[in-house]
Amino acid sequence: MPDAHGFQLGPISETVITTWGIMAALFIVCRLSTRRLRMDPGPWQVALEGIVSTIEDAIAAVLPDRATQVMPFVGTLWIFIVLANLVGIVPGLSGPTGDLSLTTALAILVFLSVHWFGIRIHGLRSYLRHYLEPNPIVLPFHVISEISRTVALAVRLFGNIFSLEMAALLVLLVAGFLAPIPVLLLHIVEALVQAYIFGMLALIYIAGGIQSLEPKATREKE
């Protein structure tokens, strides 16, 4: 039975099925790829190492001192969103990131990760205290900022992917088979760009939560 976003299997929507399919595929690929790592890598291992190194360099450019701690979460987020965005080019499927429920879940994960890393690195009391600085009166503004950027993160990815799929559908309806390749290339480029933007914003938010306390911690040590 179809729903607003695509097919539906009983109470389970297409978004849930596709999302779990992507996660299962990622798990299987990672499991198989890391079973027989070699000092003299083959083409597949070289490609994987290149992806990991590129992500690690991007994270280190923003958060050099904590790159190894943040890498698993942000790297997985990047790879998942790229695949979720690209699923839309498969005939009969819609990218799950074109569903506001999934992008909201991703934004909530980013929201929680900001506080998780901040508390884990600086401690609960020190982390919560920085919301009261320089004056407790700014606490409501901190709360509003946290909520608004989480909402913006969810809506931005959803809006861009949903509008991209709608635009591609309209072009194909008007031009038929005359324009599938340009539309396909546009979809791939936009999928990569939107994944990069979401991951980079998540990284910046995490870095902000961590680094907001580090100058003070440094002064206290001195």
# chains A, B, ... in the order shown; residues from 1 in each chain; ligands from 1
call {"tool": "residues_around", "arguments": {"residues": "A:Leu26", "least_positions_apart": "4", "cutoff": "12 Å", "atoms": "only C-alpha atoms", "output": "list of chain:residue names"}}
result
A:Thr19, A:Trp20, A:Gly21, A:Ile22, A:Cys30, A:Arg31, A:Leu32, A:Ser33, A:Thr76, A:Leu77, A:Ile79, A:Phe80, A:Ile81, A:Val82, A:Leu83, A:Ala84
call {"tool": "residues_around", "arguments": {"residues": "A:Leu192", "least_positions_apart": "3", "cutoff": "12 Å", "atoms": "only C-alpha atoms", "output": "list in words"}}
result
Trp78, Ile79, Phe80, Ile81, Val82, Leu83, Ala84, Asn85, Leu86, Val87, Leu157, Asn160, Ile161, Leu185, Leu186, His187, Ile188, Val189, Ala195, Tyr196, Ile197, Phe198 and Gly199 of chain A
call {"tool": "residues_around", "arguments": {"residues": "A:Gly209", "least_positions_apart": "6", "cutoff": "9 Å", "atoms": "only C-alpha atoms", "output": "number ranges by chain"}}
result
A: 114-115, 117-118, 127
call {"tool": "write_last_selection", "arguments": {"atoms": "N, CA and C atoms", "output": "mmCIF file, in the first residue's frame"}}
result
data_model
loop_
_atom_site.group_PDB
_atom_site.id
_atom_site.type_symbol
_atom_site.label_atom_id
_atom_site.label_comp_id
_atom_site.auth_asym_id
_atom_site.auth_seq_id
_atom_site.Cartn_x
_atom_site.Cartn_y
_atom_site.Cartn_z
ATOM 1 N N VAL A 114 26.376 16.376 20.208
ATOM 2 C CA VAL A 114 27.039 17.601 20.672
ATOM 3 C C VAL A 114 27.198 17.573 22.187
ATOM 4 N N HIS A 115 26.124 17.225 22.881
ATOM 5 C CA HIS A 115 26.165 17.200 24.344
ATOM 6 C C HIS A 115 26.927 15.982 24.862
ATOM 7 N N PHE A 117 29.574 14.465 23.458
ATOM 8 C CA PHE A 117 31.013 14.718 23.373
ATOM 9 C C PHE A 117 31.436 15.796 24.367
ATOM 10 N N GLY A 118 30.605 16.828 24.522
ATOM 11 C CA GLY A 118 30.940 17.886 25.466
ATOM 12 C C GLY A 118 31.014 17.384 26.893
ATOM 13 N N TYR A 127 30.345 21.254 31.658
ATOM 14 C CA TYR A 127 29.650 21.459 30.390
ATOM 15 C C TYR A 127 28.351 22.237 30.580
#
call {"tool": "closest_residue", "arguments": {"among": "A:Ser126, A:Thr18, A:Ser113, A:Thr97", "to": "A:Val74", "atoms": "only C-alpha atoms"}}
result
A:Ser113
call {"tool": "select_by_dssp", "arguments": {"residues": "stretch 3-220 of chain A", "states": "alpha helix (DSSP H)", "output": "ChimeraX atom specification"}}
result
/A:14-33,43-62,67-86,100-122,124-129,139-175,180-211,214-220
call {"tool": "atom_distance", "arguments": {"atom1": "atom CA of A:Pro72", "atom2": "atom CA of A:Ala24"}}
result
17.1 Å
call {"tool": "residues_around", "arguments": {"residues": "A:Glu146", "least_positions_apart": "5", "cutoff": "9 Å", "atoms": "only C-alpha atoms", "output": "MDAnalysis selection string"}}
result
chainID A and resid 111 141 151
call {"tool": "atom_distance", "arguments": {"atom1": "atom CA of A:Leu100", "atom2": "atom CA of A:Gly159"}}
result
8.3 Å
call {"tool": "atom_distance", "arguments": {"atom1": "atom CA of A:Ala154", "atom2": "atom CA of A:Leu106"}}
result
7.2 Å
call {"tool": "closest_residue", "arguments": {"among": "A:Leu63, A:Ala167, A:Leu139, A:Ile51", "to": "A:Met200", "atoms": "only C-alpha atoms"}}
result
A:Leu63
call {"tool": "select_by_dssp", "arguments": {"residues": "stretch 6-180 of chain A", "states": "strand (DSSP E)", "output": "PyMOL selection string"}}
result
chain A and resi 8-9+12-13
call {"tool": "write_last_selection", "arguments": {"atoms": "N, CA and C atoms", "output": "short mmCIF file (atom, residue, chain, number, x, y, z; two decimals), in the first residue's frame"}}
result
data_model
loop_
_atom_site.label_atom_id
_atom_site.label_comp_id
_atom_site.auth_asym_id
_atom_site.auth_seq_id
_atom_site.Cartn_x
_atom_site.Cartn_y
_atom_site.Cartn_z
N GLN A 8 4.43 1.15 1.09
CA GLN A 8 4.36 0.88 2.52
C GLN A 8 4.02 -0.59 2.72
N LEU A 9 4.78 -1.27 3.58
CA LEU A 9 4.56 -2.67 3.88
C LEU A 9 3.91 -2.75 5.26
N ILE A 12 5.07 -0.53 8.19
CA ILE A 12 6.45 -0.14 7.92
C ILE A 12 6.52 0.61 6.60
N SER A 13 7.01 1.84 6.63
CA SER A 13 7.05 2.68 5.44
C SER A 13 8.29 2.39 4.61
#
call {"tool": "closest_residue", "arguments": {"among": "A:Thr54, A:Thr68, A:Thr104, A:Asn135", "to": "A:Arg149", "atoms": "only C-alpha atoms"}}
result
A:Thr104
call {"tool": "closest_residue", "arguments": {"among": "A:Val155, A:Ala58, A:Val29, A:Leu203", "to": "A:Ser101", "atoms": "only C-alpha atoms"}}
result
A:Val155
call {"tool": "closest_residue", "arguments": {"among": "A:His130, A:Pro140, A:Leu102, A:Asp40", "to": "A:Ile17", "atoms": "only C-alpha atoms"}}
result
A:Leu102
call {"tool": "residues_around", "arguments": {"residues": "A:Leu128", "least_positions_apart": "4", "cutoff": "12 Å", "atoms": "only C-alpha atoms", "output": "PyMOL selection string"}}
result
chain A and resi 115-116+118-120+122-124+132-133+136+139+142-143+209-210+212-213
